[in-house]
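S.K.: Structure provided below as structure tokens; questions to follow.
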Protein chains: 2
Amino acid sequence: MKARVLFSGGKDSALAAVILCKFFEVELVTCTFGLLENWKNAKRAAECMGFPFKILNLNRSIIDCAVEQIIKDGTLRGGITKIHKSALEEVAKLSDSVILSDGCRRDDRTPVLSHGEIRSIEDKFDVQYIQPLAGFGRKTIDVLVDRYFEIEEKEGWLIKGCEYEYELRELIGKRYGNDKIPELFPRAHTHSRVLNMKVKG
Amino acid sequence: MKARVLFSGGKDSALAAVILCKFFEVELVTCTFGLLENWKNAKRAAECMGFPFKILNLNRSIIDCAVEQIIKDGTLRGGITKIHKSALEEVAKLSDSVILSDGCRRDDRTPVLSHGEIRSIEDKFDVQYIQPLAGFGRKTIDVLVDRYFEIEEKEGWLIKGCEYEYELRELIGKRYGNDKIPELFPRAHTHSRVLNMKVKG
């Protein structure tokens, strides 16, 4: 039974994949709007993890719509959740998708789908959407990440991971000028990237 | 690293244990107030699963307090959540507890601890509390249960599992008369019990 995991190349979605691979046949899926080539870093992480990897090109209208919402709200949360929901729906539409998954954690504040939204995706596309880390706190995640992965983790935007924020920054900078970026994107934001596996999942 | 799983002998806590055993050294813990001997069924389920098993005797004042709340509320939810929280705290107090866990699922309505209550247990007792099924919907749980377990599943109260409801029914029946039971306990309630493992976890 195949489980597709939305994969940024960072530690959370990587750990979700390692948990799921004990029970399902994992395929990693990285979404891009074609604005940056940061998906290549996710691809490299997928290769070192040894899982099949797929790029999914999302329609630009999705990120356009998210940017509009972010500018209107003055905060990232709603726009990122909108992109994540669309990404899940696009993966759900793939012909042989039965199980969808991601690296959302118990204490994440963004993206957060409500129970209703989760069940609506499941019913609409006849899929099962699993969040393997939804019941895990930060300490446990750190213990498991340290057991399985060699990672690079830095504050700021130096690591070119494949979270939605990178393409959002790019687009917002182009449309509204680079001065808009520090208003919306936190500086003290930590991103991680999987460099290698210590133990095979 | 040891992970203690609150175990009723039913399919949810059994599946939580099977998921966790891929990453930690699982020990099953069944709580009892000493009003019934239904913990013996949990012990049998634990034996067929091949995990170490522990009985934890909880103080009667916990169930007394839960019964008072249930009578006051006219519904089980708050009282059961109170017992579950106390059970987690008692397991957390055991000298070598680092990881606590249970079979709470994404769509469960009872017991439900808030994020604040979860983090408060973690901080107060310096433990990690994991809910491996918090991100799993019913369909996925059914798929995995069917893969791993032979179970008995029935509506009503015929299966003597070791969920808190059984001792609560006993105590409420004794204190308030058996007529009180159908007012509070749903008839169309399904309980399950693990009879055997199809595949070792």
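Residues in the structure tokens are numbered from 1 in each chain, the chains being A, B, ... in the order shown, and ligands are numbered from 1 in the order shown.
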Could you give me, as a tab-separated table, a per-residue list for chain A showing, wherever an atom lies at most 9 Å from an atom of chain B, the closest pair of atoms and their distance in Å to one decimal, using only C-alpha atoms and sorting by chain then residue number from low to high?

M.R.:
```
residue	atom	partner	partner_atom	distance
A:Ile19	CA	B:Ile19	CA	8.3
A:Lys22	CA	B:Lys22	CA	7.6
A:Phe23	CA	B:Leu144	CA	8.1
A:Ile99	CA	B:Thr140	CA	8.5
A:Arg106	CA	B:His115	CA	8.3
A:Asp107	CA	B:His115	CA	8.0
A:His115	CA	B:Asp107	CA	8.0
A:Arg119	CA	B:Gly137	CA	8.5
A:Gln128	CA	B:Thr140	CA	6.5
A:Tyr129	CA	B:Gly137	CA	7.4
A:Ile130	CA	B:Phe136	CA	5.2
A:Gln131	CA	B:Gly135	CA	4.3
A:Pro132	CA	B:Gly135	CA	5.5
A:Leu133	CA	B:Gly135	CA	6.8
A:Ala134	CA	B:Gly135	CA	4.9
A:Gly135	CA	B:Gln131	CA	4.3
A:Phe136	CA	B:Ile130	CA	5.1
A:Gly137	CA	B:Ile130	CA	7.0
A:Arg138	CA	B:Gln128	CA	8.9
A:Lys139	CA	B:Gln128	CA	6.9
A:Thr140	CA	B:Gln128	CA	6.5
A:Leu144	CA	B:Phe23	CA	8.1
```

S.K.: Can you tell me, as a list in words, what residues are no more than 10 Å from His191 of chain A when counting only C-alpha atoms, ignoring any on the same chain fewer than 3 positions away?

M.R.: Gly9, Gly10, Lys11, Glu152, Glu153, Lys154, Glu155, Gly156, Trp157, Leu158, Ile159, Lys160, Gly161, Cys162, Glu163 and Ala188 of chain A

S.K.: Quick one: everything within 12 Å of Ala45 of chain B, counting only C-alpha atoms, minus sequence neighbours fewer than 5 positions away in the same chain. Send it as a PyMOL selection string.

M.R.: chain B and resi 7-11+13-15+17+28-30+38-40+50-53+149-152+160-162+192-197

S.K.: Could you work out how far atom CA of Asn59 of chain A lies from atom CA of Glu165 of chain A, giving the answer in Å with one decimal?

M.R.: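 Between these atoms lies a distance of 16.1 Å.
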
S.K.: Name the closest residue to Val145 of chain B among the candidates B:Lys82, B:Arg44, B:Lys2, B:Lys198; distances are taken between atoms, counting only C-alpha atoms.

M.R.: B:Lys198

S.K.: Looking only at the backbone, which of the residues in segment 70-118 of chain A does DSSP tag as alpha helix (DSSP H), as number ranges by chain?

M.R.: A: 70-73, 77-93, 115-118

S.K.: How far is it from atom CA of Leu6 of chain B to atom CA of Ser61 of chain B, in Å with one decimal?

M.R.: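 Taking atom CA of Leu6 of chain B as the start and atom CA of Ser61 of chain B as the end point, the length is 19.5 Å.
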
S.K.: Please identify all polymer residues within 9 Å of Ala66 of chain B, counting only C-alpha atoms, omitting same-chain residues fewer than 6 positions from it, and present them as a list in words.

M.R.: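 Here the answer would be Leu76, Gly78, Gly79, Ile80, Thr81, Lys82, Ile83 and Leu168 of chain B.
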
S.K.: Just the selected residues (N, CA and C atoms), exported as an mmCIF file, in the first residue's frame, please.

M.R.:
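Output file result_11.cif is given in full below:
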```cif
data_model
loop_
_atom_site.group_PDB
_atom_site.id
_atom_site.type_symbol
_atom_site.label_atom_id
_atom_site.label_comp_id
_atom_site.auth_asym_id
_atom_site.auth_seq_id
_atom_site.Cartn_x
_atom_site.Cartn_y
_atom_site.Cartn_z
ATOM 1 N N LEU B 76 -20.381 11.242 30.320
ATOM 2 C CA LEU B 76 -19.140 10.578 30.731
ATOM 3 C C LEU B 76 -17.872 11.398 30.478
ATOM 4 N N GLY B 78 -16.167 14.311 30.707
ATOM 5 C CA GLY B 78 -15.258 14.984 31.639
ATOM 6 C C GLY B 78 -14.653 14.016 32.642
ATOM 7 N N GLY B 79 -15.468 13.093 33.148
ATOM 8 C CA GLY B 79 -14.988 12.135 34.148
ATOM 9 C C GLY B 79 -13.952 11.193 33.573
ATOM 10 N N ILE B 80 -14.192 10.720 32.362
ATOM 11 C CA ILE B 80 -13.234 9.800 31.732
ATOM 12 C C ILE B 80 -11.917 10.521 31.439
ATOM 13 N N THR B 81 -12.015 11.741 30.960
ATOM 14 C CA THR B 81 -10.791 12.511 30.683
ATOM 15 C C THR B 81 -10.000 12.718 31.977
ATOM 16 N N LYS B 82 -10.726 12.982 33.063
ATOM 17 C CA LYS B 82 -10.066 13.157 34.367
ATOM 18 C C LYS B 82 -9.318 11.881 34.768
ATOM 19 N N ILE B 83 -9.961 10.708 34.600
ATOM 20 C CA ILE B 83 -9.290 9.445 34.948
ATOM 21 C C ILE B 83 -8.062 9.245 34.065
ATOM 22 N N LEU B 168 -16.284 2.243 35.931
ATOM 23 C CA LEU B 168 -17.218 3.345 36.182
ATOM 24 C C LEU B 168 -18.657 2.839 36.233
#
```

S.K.: If you run DSSP on the backbone, which residues of segment 50-87 of chain A are strand (DSSP E or B), as a short mmCIF file (atom, residue, chain, number, x, y, z; two decimals) with all heavy atoms, in the first residue's frame?

M.R.:
```cif
data_model
loop_
_atom_site.label_atom_id
_atom_site.label_comp_id
_atom_site.auth_asym_id
_atom_site.auth_seq_id
_atom_site.Cartn_x
_atom_site.Cartn_y
_atom_site.Cartn_z
N PHE A 53 11.05 9.32 -5.33
CA PHE A 53 10.82 10.77 -5.21
C PHE A 53 10.09 11.27 -6.44
O PHE A 53 10.36 10.84 -7.55
CB PHE A 53 12.19 11.46 -5.10
CG PHE A 53 12.13 12.96 -5.08
CD1 PHE A 53 11.79 13.64 -3.93
CD2 PHE A 53 12.43 13.70 -6.22
CE1 PHE A 53 11.75 15.03 -3.90
CE2 PHE A 53 12.38 15.09 -6.21
CZ PHE A 53 12.05 15.75 -5.04
N LYS A 54 9.17 12.19 -6.21
CA LYS A 54 8.38 12.74 -7.30
C LYS A 54 8.27 14.26 -7.12
O LYS A 54 8.11 14.73 -6.01
CB LYS A 54 6.98 12.13 -7.18
CG LYS A 54 6.06 12.29 -8.34
CD LYS A 54 4.66 11.78 -7.95
CE LYS A 54 3.85 11.45 -9.15
NZ LYS A 54 4.24 10.22 -9.82
N ILE A 55 8.39 14.98 -8.23
CA ILE A 55 8.14 16.42 -8.20
C ILE A 55 6.72 16.66 -8.69
O ILE A 55 6.30 16.07 -9.69
CB ILE A 55 9.10 17.14 -9.19
CG1 ILE A 55 10.49 17.25 -8.62
CG2 ILE A 55 8.60 18.52 -9.57
CD1 ILE A 55 10.61 18.30 -7.56
N LEU A 56 6.01 17.52 -7.98
CA LEU A 56 4.66 17.86 -8.43
C LEU A 56 4.61 19.37 -8.68
O LEU A 56 4.84 20.16 -7.76
CB LEU A 56 3.66 17.44 -7.34
CG LEU A 56 2.19 17.47 -7.73
CD1 LEU A 56 1.89 16.49 -8.86
CD2 LEU A 56 1.32 17.13 -6.53
N ASN A 57 4.35 19.74 -9.93
CA ASN A 57 4.25 21.16 -10.26
C ASN A 57 2.86 21.66 -9.94
O ASN A 57 1.88 21.17 -10.52
CB ASN A 57 4.56 21.35 -11.75
CG ASN A 57 6.03 21.10 -12.04
OD1 ASN A 57 6.89 21.87 -11.63
ND2 ASN A 57 6.32 19.98 -12.71
#
```

S.K.: If you measure from atom CA of Glu47 of chain A to atom CA of Phe33 of chain A, what distance in Å do you get, rounded to one decimal?

M.R.: 21.4 Å

S.K.: Determine, counting only C-alpha atoms, which protein, DNA and RNA residues have an atom within 12 Å of an atom of Gly173 of chain B; residues of the same chain fewer than 4 positions away are not included. Present the result as a list of chain:residue names.

M.R.: B:Leu35, B:Val67, B:Ile71, B:Glu165, B:Tyr166, B:Glu167, B:Leu168, B:Arg169, B:Gly177, B:Asn178, B:Asp179, B:Lys180, B:Ile181, B:Pro182, B:Glu183, B:Leu184, B:Phe185
